[in-house]
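Engineer: Provided herewith is a single structure, encoded as structure tokens, for subsequent inquiry.
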Amino acid sequence: MNTNGLSGEVFYPSKEIIKKANSKNYTDMVKFASDDFEEFWAKEAKNLHWFKKWDKVLDDSQKPFYKWFVGGKTNIAYNCLDVHVKTYRRNKLAFLWEGENGDFRSFSYFALRRETCKFANVLKSLGVKKGDRVTLYMGRIPELAIGMLACARIGAIHSVVYGGFSVEALHERLEDSQSKVLIVADGAFQRGKIVQLKQIADEALQRAATVESCLVVKRTGQPINMESGRDMWYHELMALPIASNNSNLEIMDAEDPLFMLYTSGTTGKPKAILHTHGGYMVGVYSTLKYVFDIHEEDRYWCAADPGWITGHSYIVYGPLLNGATSFMYEGAPSYPYPNRWWSMIEKYGINILYTAPTAIRGLMRFGDAWPNRHDLSSLRLLGSVGEPINPEAWKWYYKIIGKEKCPIMDTWWQTETGMFMITPMPGVPLKPGSGTFPFPGIVMDIFDENGEPVAVNEEGFLVIKSPWPAMVRTIYKDPDKYVSQYWSKFPGVYLTGDSARRDKDGYYWIIGRVDDVIKVSGYRLGTAEIESALVSHPAVAEAAAIGLPHEIKGHAIFAYVILRNGFEKSEHLVEELRLHVGHEVGPIAKPDHIELVDSLPKTRSGKIMRRVLKAKALGQDPGNLSTLEE
Ligand code: WT7
């Protein structure tokens, strides 16, 4: 990498940062991995425990159904816990946790392994077997990590549903995954209020037939309904003799499924992305080690939600695989005051902070005085994920939070990629708003409509040209869709759904989604989900949703609705529709604005032309309208 004469605004890392970095041989790493990426990943895999070593690093005989570490036997939970308990890390803190209401808990590796084993035995006693699906629906509390690890330990497939989702979203995911058990919290603290998770779950369970048991973690303590024969308290089960500390470890094949996670795509219902024990483990372990430069003494804080992939890979699995100490915080960033985050960085001596542009913009709005009151000097590295970070927010983060000494790791990746794909490492010169380069061994490109690489600075489809260990293996129960959605536009090449450009220094700049996915505060929502929630209301005949730029959330949701005959347009009805979407999908999906209209722009084949709606809302020229029917 030639770092002299870079174009545009460039921020160089300090000598101390480079000297300390796990990636101090960055250039050699890149070269080694590009010469032989299988060898690169095999070398990383050797740092982890395998009950039986793999026979073959990569099997590409059934593309795009790639297999990694074929024949290898392992278990990711064993690597997260048991491996460390056998070393000096036995008494090291795995998690420190602070509740929004000030509660505090911590778990050593020893304690986390014990709780995980106990809970794994509870699940077993309820009949959960290898390959069964278990859904988890909670706020950001330690039991979520314990539940995930317990599933992994016995080979059950976990499906975490984000605690901000609501009845229909939860129901759909329970139904699609055919979950046997639901693990839920009674409630979650959020901005000083209680989110009634159990109540939402009760409603979803009425519509979901496969769930036999519902285990309830007591977090908020308000009265809730407990249905006898179905609902049981977590703490009561954990006090029974069945919750023994026996290991109960299932030896897993590298390609055995670890979890599924629902995410929104272009069409229809959310789809379940499937990840596995072996490749996923190797991918998240090594990307975190190099990018966030995990050292023994660090306190690392990924402020994302465990309900999305960032939490899976970089709150739960990645940090534990590295034997790191992580901090977890339950609540809202500005509760009760806008200094909440900064005060916790000072209090716990956080060294690494990983968050999303929407949170940075939200906190930036309160001014510099809030962070400036606190000693943030423990920070060494910062991170960003979820959407492009605007240079203004980047610079604020860099200057006010990082005091111009903490490089910002702007990590581009997806639920499907499982791990960081485009990202700097601590020694890489940074350009605000660019994720810099692909991770070593990752081969990416930007294509035009015909599958040809675009010229410098030209926008095109961001694609991935070779397999990587933590890649999605399939869409659960729908392998055809896996092929058509990701591997068909350009055969043999993975389509990310994003558009991007590359500057003359080779830096990647993500522009945004090219499909019907909206990123609201970093959360991924399909226009189809919002539309089907609207149409499920008796007053609605048709609906179209689009994302429009929003200063803090990145995108705001605008919806256009045609009413059924016999319904009158009114402000009251608009509000009712917003609440309805909130109830069905979740508060994050509530449209910011709903307009009641008499017609929608459609193609002759009946497809809604969202780009026309977008252009109109922004006062721009809608472009070519030749295919417009109405
Ligand atoms: C989409 C994936 C992977 C964790 C969070 C989101 C956007 C993600 C960045 C970034 C610009 C980003 C892309 C991507 N995205 N990180 N650093 N810069 N855009 O996972 O919910 O699967 O969303 O998030 O559009 O396709 P996800």
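Every chain in the structure tokens takes a letter, A first, then B, and so on in the order presented; its residues are numbered from 1, and the ligands are numbered from 1 following the presented order.
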When DSSP is applied to the backbone of this structure, which of range 355-428 of chain A are assigned helix (DSSP H, G or I)? Write them out as a VMD selection string.
Structural biologist: chain A and resid 357 to 364 369 to 372 391 to 401
Engineer: Include C-alpha atoms and write out the residues we just selected as a compact mmCIF listing (two decimals), in the first residue's frame.
Structural biologist:
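Writing done, so here's part05.txt:
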```txt
# COMPACT_ATOMS: atom_id res chain seq x y z
CA PRO A 357 -23.51 6.77 12.69
CA THR A 358 -27.10 7.36 13.80
CA ALA A 359 -26.03 7.20 17.47
CA ILE A 360 -23.10 9.52 16.82
CA ARG A 361 -25.30 12.05 15.03
CA GLY A 362 -27.91 11.78 17.79
CA LEU A 363 -25.35 12.50 20.52
CA MET A 364 -23.55 15.17 18.50
CA ALA A 369 -20.10 20.09 26.57
CA TRP A 370 -21.59 16.70 27.46
CA PRO A 371 -18.63 14.58 26.35
CA ASN A 372 -16.15 17.29 27.38
CA PRO A 391 -17.78 13.28 7.15
CA GLU A 392 -19.22 15.83 9.59
CA ALA A 393 -20.20 13.12 12.09
CA TRP A 394 -16.90 11.30 11.46
CA LYS A 395 -14.91 14.41 12.33
CA TRP A 396 -16.93 15.12 15.45
CA TYR A 397 -16.43 11.54 16.61
CA TYR A 398 -12.72 11.74 15.79
CA LYS A 399 -12.11 15.10 17.43
CA ILE A 400 -14.51 15.35 20.36
CA ILE A 401 -14.70 11.71 21.39
```
Engineer: Show me a table, sorted first by chain and then by increasing residue number, of the residues of chain A having an atom at most 8 Å from ligand 1, each with its shortest atom pair and the distance in Å to one decimal, counting only C-alpha atoms and all ligand atoms and written as a Markdown table.
Structural biologist:
```
| residue | atom | partner | partner_atom_place_in_ligand_line | distance |
| --- | --- | --- | --- | --- |
| A:Thr263 | CA | ligand 1 | 22 (O) | 6.6 |
| A:Ser264 | CA | ligand 1 | 21 (O) | 7.9 |
| A:Trp308 | CA | ligand 1 | 21 (O) | 6.8 |
| A:Ile309 | CA | ligand 1 | 4 (C) | 5.7 |
| A:Thr310 | CA | ligand 1 | 4 (C) | 4.9 |
| A:Ser384 | CA | ligand 1 | 17 (N) | 6.1 |
| A:Val385 | CA | ligand 1 | 17 (N) | 4.2 |
| A:Gly386 | CA | ligand 1 | 8 (C) | 3.5 |
| A:Glu387 | CA | ligand 1 | 19 (N) | 3.4 |
| A:Pro388 | CA | ligand 1 | 11 (C) | 3.5 |
| A:Ile389 | CA | ligand 1 | 18 (N) | 6.4 |
| A:Asp410 | CA | ligand 1 | 17 (N) | 4.9 |
| A:Thr411 | CA | ligand 1 | 17 (N) | 4.2 |
| A:Trp412 | CA | ligand 1 | 17 (N) | 3.6 |
| A:Trp413 | CA | ligand 1 | 3 (C) | 4.2 |
| A:Gln414 | CA | ligand 1 | 3 (C) | 3.7 |
| A:Thr415 | CA | ligand 1 | 22 (O) | 3.6 |
| A:Glu416 | CA | ligand 1 | 22 (O) | 6.3 |
| A:Thr417 | CA | ligand 1 | 3 (C) | 7.6 |
| A:Gly418 | CA | ligand 1 | 3 (C) | 7.3 |
| A:Met419 | CA | ligand 1 | 3 (C) | 7.4 |
| A:Phe420 | CA | ligand 1 | 3 (C) | 7.3 |
| A:Ile422 | CA | ligand 1 | 17 (N) | 7.8 |
| A:Thr423 | CA | ligand 1 | 17 (N) | 7.7 |
| A:Gly433 | CA | ligand 1 | 18 (N) | 7.8 |
| A:Ser434 | CA | ligand 1 | 18 (N) | 7.6 |
| A:Gly435 | CA | ligand 1 | 17 (N) | 6.2 |
| A:Thr496 | CA | ligand 1 | 26 (O) | 6.1 |
| A:Gly497 | CA | ligand 1 | 26 (O) | 6.0 |
| A:Asp498 | CA | ligand 1 | 26 (O) | 5.4 |
| A:Trp509 | CA | ligand 1 | 11 (C) | 7.8 |
| A:Ile510 | CA | ligand 1 | 11 (C) | 5.1 |
| A:Ile511 | CA | ligand 1 | 11 (C) | 7.0 |
| A:Gly512 | CA | ligand 1 | 25 (O) | 5.2 |
| A:Arg513 | CA | ligand 1 | 25 (O) | 5.0 |
| A:Lys519 | CA | ligand 1 | 24 (O) | 7.1 |
| A:Gly522 | CA | ligand 1 | 6 (C) | 6.5 |
| A:Tyr523 | CA | ligand 1 | 21 (O) | 5.6 |
| A:Arg524 | CA | ligand 1 | 21 (O) | 4.7 |
```
Engineer: Got a sec: who's within 6 Å of range 215-222 of chain A, counting only C-alpha atoms, leaving out chain neighbours fewer than 5 positions off, as a list in words?
Structural biologist: Ile183, Val184, Ala185, Asp186, Gly187, Asp231, Met232, Trp233 and Tyr234 of chain A
Engineer: Could you work out how far CA of Ala272 in chain A lies from CA of Ile552 in chain A, giving the answer in Å with one decimal?
Structural biologist: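 So the answer is 28.5 Å.
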Engineer: Please give the complete set of residues from range 41-198 of chain A that DSSP, run on the backbone, assigns to strand (DSSP E or B), formatted as number ranges by chain.
Structural biologist: A: 52, 56-59, 67-70, 73-74, 93-98, 104-108, 133-137, 157-160, 181-185, 188-190, 193-195
Engineer: With distances taken over only C-alpha atoms, which residue among A:Leu58, A:Leu534, A:Ala33, A:Arg611 lies nearest Glu575 in chain A?
Structural biologist: A:Leu534
Engineer: Within 9 Å of Arg299 in chain A, counting only C-alpha atoms, which residues qualify if same-chain residues fewer than 2 places away don't, as a PDB file with all heavy atoms, in the first residue's frame?
Structural biologist:
```pdb
ATOM      1  N   ILE A 294      -7.778  -6.320  19.599  1.00  0.00           N
ATOM      2  CA  ILE A 294      -8.058  -6.749  20.974  1.00  0.00           C
ATOM      3  C   ILE A 294      -6.774  -7.171  21.696  1.00  0.00           C
ATOM      4  O   ILE A 294      -6.040  -8.041  21.229  1.00  0.00           O
ATOM      5  CB  ILE A 294      -9.063  -7.929  20.969  1.00  0.00           C
ATOM      6  CG1 ILE A 294     -10.367  -7.538  20.274  1.00  0.00           C
ATOM      7  CG2 ILE A 294      -9.304  -8.439  22.390  1.00  0.00           C
ATOM      8  CD1 ILE A 294     -11.176  -6.476  20.956  1.00  0.00           C
ATOM      9  N   HIS A 295      -6.533  -6.531  22.839  1.00  0.00           N
ATOM     10  CA  HIS A 295      -5.418  -6.908  23.712  1.00  0.00           C
ATOM     11  C   HIS A 295      -5.965  -7.345  25.063  1.00  0.00           C
ATOM     12  O   HIS A 295      -7.064  -6.954  25.451  1.00  0.00           O
ATOM     13  CB  HIS A 295      -4.445  -5.736  23.871  1.00  0.00           C
ATOM     14  CG  HIS A 295      -3.692  -5.434  22.607  1.00  0.00           C
ATOM     15  ND1 HIS A 295      -2.537  -6.071  22.256  1.00  0.00           N
ATOM     16  CD2 HIS A 295      -3.981  -4.588  21.589  1.00  0.00           C
ATOM     17  CE1 HIS A 295      -2.115  -5.627  21.082  1.00  0.00           C
ATOM     18  NE2 HIS A 295      -2.982  -4.727  20.645  1.00  0.00           N
ATOM     19  N   GLU A 296      -5.148  -8.139  25.749  1.00  0.00           N
ATOM     20  CA  GLU A 296      -5.591  -8.753  27.009  1.00  0.00           C
ATOM     21  C   GLU A 296      -6.206  -7.746  27.980  1.00  0.00           C
ATOM     22  O   GLU A 296      -7.205  -8.019  28.621  1.00  0.00           O
ATOM     23  CB  GLU A 296      -4.377  -9.437  27.644  1.00  0.00           C
ATOM     24  CG  GLU A 296      -4.697 -10.618  28.504  1.00  0.00           C
ATOM     25  CD  GLU A 296      -5.425 -11.740  27.769  1.00  0.00           C
ATOM     26  OE1 GLU A 296      -4.848 -12.397  26.893  1.00  0.00           O
ATOM     27  OE2 GLU A 296      -6.602 -11.941  28.106  1.00  0.00           O
ATOM     28  N   GLU A 297      -5.620  -6.568  28.086  1.00  0.00           N
ATOM     29  CA  GLU A 297      -6.042  -5.630  29.120  1.00  0.00           C
ATOM     30  C   GLU A 297      -7.200  -4.721  28.679  1.00  0.00           C
ATOM     31  O   GLU A 297      -7.686  -3.903  29.447  1.00  0.00           O
ATOM     32  CB  GLU A 297      -4.840  -4.768  29.548  1.00  0.00           C
ATOM     33  CG  GLU A 297      -4.300  -3.793  28.492  1.00  0.00           C
ATOM     34  CD  GLU A 297      -3.406  -4.447  27.423  1.00  0.00           C
ATOM     35  OE1 GLU A 297      -3.360  -5.700  27.354  1.00  0.00           O
ATOM     36  OE2 GLU A 297      -2.781  -3.712  26.637  1.00  0.00           O
ATOM     37  N   TRP A 301     -16.240  -2.140  24.003  1.00  0.00           N
ATOM     38  CA  TRP A 301     -17.689  -1.908  24.077  1.00  0.00           C
ATOM     39  C   TRP A 301     -18.277  -1.783  22.676  1.00  0.00           C
ATOM     40  O   TRP A 301     -17.985  -0.824  21.974  1.00  0.00           O
ATOM     41  CB  TRP A 301     -17.981  -0.639  24.884  1.00  0.00           C
ATOM     42  CG  TRP A 301     -19.444  -0.307  24.974  1.00  0.00           C
ATOM     43  CD1 TRP A 301     -20.497  -1.127  24.698  1.00  0.00           C
ATOM     44  CD2 TRP A 301     -20.021   0.945  25.375  1.00  0.00           C
ATOM     45  NE1 TRP A 301     -21.693  -0.468  24.912  1.00  0.00           N
ATOM     46  CE2 TRP A 301     -21.421   0.802  25.326  1.00  0.00           C
ATOM     47  CE3 TRP A 301     -19.463   2.167  25.784  1.00  0.00           C
ATOM     48  CZ2 TRP A 301     -22.286   1.848  25.660  1.00  0.00           C
ATOM     49  CZ3 TRP A 301     -20.333   3.203  26.115  1.00  0.00           C
ATOM     50  CH2 TRP A 301     -21.727   3.035  26.055  1.00  0.00           C
ATOM     51  N   ALA A 324     -11.791 -11.616  25.349  1.00  0.00           N
ATOM     52  CA  ALA A 324     -11.800 -10.192  25.686  1.00  0.00           C
ATOM     53  C   ALA A 324     -12.751  -9.893  26.841  1.00  0.00           C
ATOM     54  O   ALA A 324     -13.585 -10.711  27.206  1.00  0.00           O
ATOM     55  CB  ALA A 324     -12.238  -9.395  24.459  1.00  0.00           C
ATOM     56  N   THR A 325     -12.614  -8.704  27.403  1.00  0.00           N
ATOM     57  CA  THR A 325     -13.582  -8.190  28.366  1.00  0.00           C
ATOM     58  C   THR A 325     -14.466  -7.186  27.647  1.00  0.00           C
ATOM     59  O   THR A 325     -13.978  -6.197  27.113  1.00  0.00           O
ATOM     60  CB  THR A 325     -12.864  -7.502  29.543  1.00  0.00           C
ATOM     61  OG1 THR A 325     -12.094  -8.481  30.234  1.00  0.00           O
ATOM     62  CG2 THR A 325     -13.859  -6.865  30.490  1.00  0.00           C
ATOM     63  N   SER A 326     -15.766  -7.470  27.636  1.00  0.00           N
ATOM     64  CA  SER A 326     -16.704  -6.578  26.956  1.00  0.00           C
ATOM     65  C   SER A 326     -17.616  -5.907  27.946  1.00  0.00           C
ATOM     66  O   SER A 326     -18.002  -6.500  28.949  1.00  0.00           O
ATOM     67  CB  SER A 326     -17.662  -7.359  26.054  1.00  0.00           C
ATOM     68  OG  SER A 326     -17.048  -7.824  24.944  1.00  0.00           O
ATOM     69  N   PHE A 327     -17.993  -4.715  27.575  1.00  0.00           N
ATOM     70  CA  PHE A 327     -18.999  -4.001  28.340  1.00  0.00           C
ATOM     71  C   PHE A 327     -20.302  -4.034  27.549  1.00  0.00           C
ATOM     72  O   PHE A 327     -20.291  -3.969  26.314  1.00  0.00           O
ATOM     73  CB  PHE A 327     -18.530  -2.564  28.582  1.00  0.00           C
ATOM     74  CG  PHE A 327     -19.582  -1.706  29.222  1.00  0.00           C
ATOM     75  CD1 PHE A 327     -20.034  -2.001  30.497  1.00  0.00           C
ATOM     76  CD2 PHE A 327     -20.123  -0.624  28.547  1.00  0.00           C
ATOM     77  CE1 PHE A 327     -21.022  -1.222  31.087  1.00  0.00           C
ATOM     78  CE2 PHE A 327     -21.100   0.160  29.131  1.00  0.00           C
ATOM     79  CZ  PHE A 327     -21.552  -0.138  30.411  1.00  0.00           C
ATOM     80  N   TYR A 348     -15.952   2.950  33.444  1.00  0.00           N
ATOM     81  CA  TYR A 348     -15.425   1.597  33.232  1.00  0.00           C
ATOM     82  C   TYR A 348     -14.082   1.576  32.497  1.00  0.00           C
ATOM     83  O   TYR A 348     -13.522   0.512  32.261  1.00  0.00           O
ATOM     84  CB  TYR A 348     -16.451   0.739  32.475  1.00  0.00           C
ATOM     85  CG  TYR A 348     -17.728   0.553  33.263  1.00  0.00           C
ATOM     86  CD1 TYR A 348     -18.907   1.173  32.872  1.00  0.00           C
ATOM     87  CD2 TYR A 348     -17.732  -0.212  34.431  1.00  0.00           C
ATOM     88  CE1 TYR A 348     -20.078   1.020  33.620  1.00  0.00           C
ATOM     89  CE2 TYR A 348     -18.889  -0.368  35.178  1.00  0.00           C
ATOM     90  CZ  TYR A 348     -20.059   0.256  34.761  1.00  0.00           C
ATOM     91  OH  TYR A 348     -21.201   0.100  35.499  1.00  0.00           O
ATOM     92  N   GLY A 349     -13.598   2.727  32.102  1.00  0.00           N
ATOM     93  CA  GLY A 349     -12.301   2.773  31.421  1.00  0.00           C
ATOM     94  C   GLY A 349     -12.324   2.058  30.085  1.00  0.00           C
ATOM     95  O   GLY A 349     -11.449   1.242  29.778  1.00  0.00           O
ATOM     96  N   ILE A 350     -13.321   2.373  29.281  1.00  0.00           N
ATOM     97  CA  ILE A 350     -13.474   1.704  27.982  1.00  0.00           C
ATOM     98  C   ILE A 350     -12.344   2.125  27.029  1.00  0.00           C
ATOM     99  O   ILE A 350     -12.022   3.307  26.920  1.00  0.00           O
ATOM    100  CB  ILE A 350     -14.850   2.063  27.355  1.00  0.00           C
ATOM    101  CG1 ILE A 350     -16.003   1.708  28.298  1.00  0.00           C
ATOM    102  CG2 ILE A 350     -15.017   1.440  25.968  1.00  0.00           C
ATOM    103  CD1 ILE A 350     -16.168   0.249  28.614  1.00  0.00           C
ATOM    104  N   ASN A 351     -11.769   1.143  26.340  1.00  0.00           N
ATOM    105  CA  ASN A 351     -10.669   1.423  25.400  1.00  0.00           C
ATOM    106  C   ASN A 351     -11.118   1.465  23.947  1.00  0.00           C
ATOM    107  O   ASN A 351     -10.476   2.099  23.109  1.00  0.00           O
ATOM    108  CB  ASN A 351      -9.581   0.353  25.511  1.00  0.00           C
ATOM    109  CG  ASN A 351      -9.099   0.181  26.929  1.00  0.00           C
ATOM    110  OD1 ASN A 351      -9.468  -0.768  27.616  1.00  0.00           O
ATOM    111  ND2 ASN A 351      -8.310   1.122  27.406  1.00  0.00           N
ATOM    112  N   ILE A 352     -12.186   0.728  23.655  1.00  0.00           N
ATOM    113  CA  ILE A 352     -12.622   0.597  22.265  1.00  0.00           C
ATOM    114  C   ILE A 352     -14.133   0.781  22.227  1.00  0.00           C
ATOM    115  O   ILE A 352     -14.857   0.089  22.960  1.00  0.00           O
ATOM    116  CB  ILE A 352     -12.257  -0.802  21.709  1.00  0.00           C
ATOM    117  CG1 ILE A 352     -10.750  -1.050  21.825  1.00  0.00           C
ATOM    118  CG2 ILE A 352     -12.734  -0.959  20.266  1.00  0.00           C
ATOM    119  CD1 ILE A 352     -10.358  -2.512  21.870  1.00  0.00           C
TER     120      ILE A 352
END
```
Engineer: Determine, counting only C-alpha atoms, which protein, DNA and RNA residues have an atom within 10 Å of an atom of Ser334 in chain A; residues of the same chain fewer than 4 positions away are not included. Present the result as a ChimeraX atom specification.
Structural biologist: /A:191,338-342,359,362-363,366
Engineer: Mind dumping the selected residues with all heavy atoms as a PDB file, in the first residue's frame?
Structural biologist:
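The new file result.pdb reads:
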```pdb
ATOM      1  N   ARG A 191     -35.454   4.142  27.731  1.00  0.00           N
ATOM      2  CA  ARG A 191     -35.773   5.538  28.016  1.00  0.00           C
ATOM      3  C   ARG A 191     -36.653   5.700  29.249  1.00  0.00           C
ATOM      4  O   ARG A 191     -37.615   6.457  29.259  1.00  0.00           O
ATOM      5  CB  ARG A 191     -36.487   6.205  26.831  1.00  0.00           C
ATOM      6  CG  ARG A 191     -35.539   6.488  25.719  1.00  0.00           C
ATOM      7  CD  ARG A 191     -36.073   7.319  24.597  1.00  0.00           C
ATOM      8  NE  ARG A 191     -35.061   7.312  23.568  1.00  0.00           N
ATOM      9  CZ  ARG A 191     -34.961   6.368  22.642  1.00  0.00           C
ATOM     10  NH1 ARG A 191     -35.842   5.404  22.584  1.00  0.00           N
ATOM     11  NH2 ARG A 191     -33.990   6.407  21.773  1.00  0.00           N
ATOM     12  N   PRO A 338     -27.792  13.352  28.246  1.00  0.00           N
ATOM     13  CA  PRO A 338     -26.980  13.044  27.057  1.00  0.00           C
ATOM     14  C   PRO A 338     -25.530  12.656  27.341  1.00  0.00           C
ATOM     15  O   PRO A 338     -24.775  12.392  26.419  1.00  0.00           O
ATOM     16  CB  PRO A 338     -27.027  14.354  26.259  1.00  0.00           C
ATOM     17  CG  PRO A 338     -28.207  15.088  26.755  1.00  0.00           C
ATOM     18  CD  PRO A 338     -28.361  14.707  28.196  1.00  0.00           C
ATOM     19  N   ASN A 339     -25.127  12.610  28.614  1.00  0.00           N
ATOM     20  CA  ASN A 339     -23.746  12.197  28.904  1.00  0.00           C
ATOM     21  C   ASN A 339     -23.673  10.741  29.344  1.00  0.00           C
ATOM     22  O   ASN A 339     -22.624  10.287  29.790  1.00  0.00           O
ATOM     23  CB  ASN A 339     -23.143  13.078  30.002  1.00  0.00           C
ATOM     24  CG  ASN A 339     -23.843  12.875  31.332  1.00  0.00           C
ATOM     25  OD1 ASN A 339     -25.034  12.540  31.359  1.00  0.00           O
ATOM     26  ND2 ASN A 339     -23.133  13.067  32.420  1.00  0.00           N
ATOM     27  N   ARG A 340     -24.779   9.994  29.238  1.00  0.00           N
ATOM     28  CA  ARG A 340     -24.792   8.631  29.778  1.00  0.00           C
ATOM     29  C   ARG A 340     -23.634   7.785  29.239  1.00  0.00           C
ATOM     30  O   ARG A 340     -22.889   7.179  29.995  1.00  0.00           O
ATOM     31  CB  ARG A 340     -26.122   7.951  29.461  1.00  0.00           C
ATOM     32  CG  ARG A 340     -26.244   6.525  30.000  1.00  0.00           C
ATOM     33  CD  ARG A 340     -26.232   6.553  31.523  1.00  0.00           C
ATOM     34  NE  ARG A 340     -26.220   5.221  32.117  1.00  0.00           N
ATOM     35  CZ  ARG A 340     -27.298   4.577  32.571  1.00  0.00           C
ATOM     36  NH1 ARG A 340     -28.488   5.137  32.466  1.00  0.00           N
ATOM     37  NH2 ARG A 340     -27.179   3.392  33.123  1.00  0.00           N
ATOM     38  N   TRP A 341     -23.479   7.785  27.924  1.00  0.00           N
ATOM     39  CA  TRP A 341     -22.411   6.969  27.328  1.00  0.00           C
ATOM     40  C   TRP A 341     -21.033   7.427  27.805  1.00  0.00           C
ATOM     41  O   TRP A 341     -20.179   6.621  28.148  1.00  0.00           O
ATOM     42  CB  TRP A 341     -22.461   7.075  25.793  1.00  0.00           C
ATOM     43  CG  TRP A 341     -23.360   6.065  25.153  1.00  0.00           C
ATOM     44  CD1 TRP A 341     -24.375   5.375  25.743  1.00  0.00           C
ATOM     45  CD2 TRP A 341     -23.298   5.637  23.790  1.00  0.00           C
ATOM     46  NE1 TRP A 341     -24.969   4.549  24.815  1.00  0.00           N
ATOM     47  CE2 TRP A 341     -24.332   4.692  23.620  1.00  0.00           C
ATOM     48  CE3 TRP A 341     -22.490   5.964  22.705  1.00  0.00           C
ATOM     49  CZ2 TRP A 341     -24.564   4.063  22.395  1.00  0.00           C
ATOM     50  CZ3 TRP A 341     -22.724   5.343  21.495  1.00  0.00           C
ATOM     51  CH2 TRP A 341     -23.747   4.395  21.338  1.00  0.00           C
ATOM     52  N   TRP A 342     -20.848   8.754  27.775  1.00  0.00           N
ATOM     53  CA  TRP A 342     -19.509   9.281  28.093  1.00  0.00           C
ATOM     54  C   TRP A 342     -19.169   9.005  29.547  1.00  0.00           C
ATOM     55  O   TRP A 342     -18.015   8.720  29.884  1.00  0.00           O
ATOM     56  CB  TRP A 342     -19.430  10.769  27.758  1.00  0.00           C
ATOM     57  CG  TRP A 342     -20.127  11.094  26.460  1.00  0.00           C
ATOM     58  CD1 TRP A 342     -21.084  12.049  26.252  1.00  0.00           C
ATOM     59  CD2 TRP A 342     -19.948  10.447  25.178  1.00  0.00           C
ATOM     60  NE1 TRP A 342     -21.517  12.022  24.939  1.00  0.00           N
ATOM     61  CE2 TRP A 342     -20.838  11.053  24.268  1.00  0.00           C
ATOM     62  CE3 TRP A 342     -19.135   9.409  24.721  1.00  0.00           C
ATOM     63  CZ2 TRP A 342     -20.937  10.664  22.926  1.00  0.00           C
ATOM     64  CZ3 TRP A 342     -19.228   9.005  23.388  1.00  0.00           C
ATOM     65  CH2 TRP A 342     -20.114   9.630  22.512  1.00  0.00           C
ATOM     66  N   ALA A 359     -26.257   6.897  16.055  1.00  0.00           N
ATOM     67  CA  ALA A 359     -26.034   7.205  17.469  1.00  0.00           C
ATOM     68  C   ALA A 359     -25.083   8.388  17.607  1.00  0.00           C
ATOM     69  O   ALA A 359     -25.285   9.276  18.441  1.00  0.00           O
ATOM     70  CB  ALA A 359     -25.465   5.982  18.180  1.00  0.00           C
ATOM     71  N   GLY A 362     -26.945  11.486  16.725  1.00  0.00           N
ATOM     72  CA  GLY A 362     -27.908  11.781  17.786  1.00  0.00           C
ATOM     73  C   GLY A 362     -27.235  12.432  18.984  1.00  0.00           C
ATOM     74  O   GLY A 362     -27.761  13.374  19.573  1.00  0.00           O
ATOM     75  N   LEU A 363     -26.047  11.961  19.346  1.00  0.00           N
ATOM     76  CA  LEU A 363     -25.350  12.502  20.519  1.00  0.00           C
ATOM     77  C   LEU A 363     -24.648  13.820  20.202  1.00  0.00           C
ATOM     78  O   LEU A 363     -24.535  14.702  21.050  1.00  0.00           O
ATOM     79  CB  LEU A 363     -24.360  11.464  21.052  1.00  0.00           C
ATOM     80  CG  LEU A 363     -25.033  10.256  21.698  1.00  0.00           C
ATOM     81  CD1 LEU A 363     -24.059   9.098  21.891  1.00  0.00           C
ATOM     82  CD2 LEU A 363     -25.673  10.637  23.036  1.00  0.00           C
ATOM     83  N   PHE A 366     -26.451  17.156  20.896  1.00  0.00           N
ATOM     84  CA  PHE A 366     -26.512  17.758  22.228  1.00  0.00           C
ATOM     85  C   PHE A 366     -25.319  18.669  22.526  1.00  0.00           C
ATOM     86  O   PHE A 366     -25.243  19.262  23.592  1.00  0.00           O
ATOM     87  CB  PHE A 366     -26.591  16.673  23.306  1.00  0.00           C
ATOM     88  CG  PHE A 366     -27.823  15.828  23.229  1.00  0.00           C
ATOM     89  CD1 PHE A 366     -27.761  14.495  22.870  1.00  0.00           C
ATOM     90  CD2 PHE A 366     -29.070  16.388  23.512  1.00  0.00           C
ATOM     91  CE1 PHE A 366     -28.905  13.713  22.805  1.00  0.00           C
ATOM     92  CE2 PHE A 366     -30.222  15.613  23.447  1.00  0.00           C
ATOM     93  CZ  PHE A 366     -30.137  14.271  23.087  1.00  0.00           C
TER      94      PHE A 366
END
```
Engineer: Using CA of Ile200 in chain A and CA of His583 in chain A as the two end points, give the distance in Å to one decimal.
Structural biologist: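 Taking CA of Ile200 in chain A as the start and CA of His583 in chain A as the end point, the length is 8.9 Å.
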Engineer: Would you write out, as a tab-separated table, a table of all residues in range 243-357 of chain A that have an atom no more than 10 Å from an atom of range 34-57 of chain A, listing for each the closest atom pair and the distance in Å to one decimal, considering only C-alpha atoms and ordering rows by chain and rising residue number?
Structural biologist:
```
residue	atom	partner	partner_atom	distance
A:Ile251	CA	A:Phe51	CA	7.6
A:Met252	CA	A:Phe51	CA	9.0
A:Asp253	CA	A:Lys52	CA	9.3
A:Ala254	CA	A:Trp54	CA	8.1
A:Gly278	CA	A:Ala45	CA	8.7
A:Gly279	CA	A:Ala45	CA	8.6
A:Met281	CA	A:Ala45	CA	8.4
A:Val282	CA	A:Ala45	CA	5.5
A:Gly283	CA	A:Trp41	CA	8.0
A:Tyr285	CA	A:Glu44	CA	8.4
A:Ser286	CA	A:Glu44	CA	6.5
A:Thr287	CA	A:Glu44	CA	9.9
A:Leu321	CA	A:Leu48	CA	8.1
A:Asn322	CA	A:Leu48	CA	9.5
```
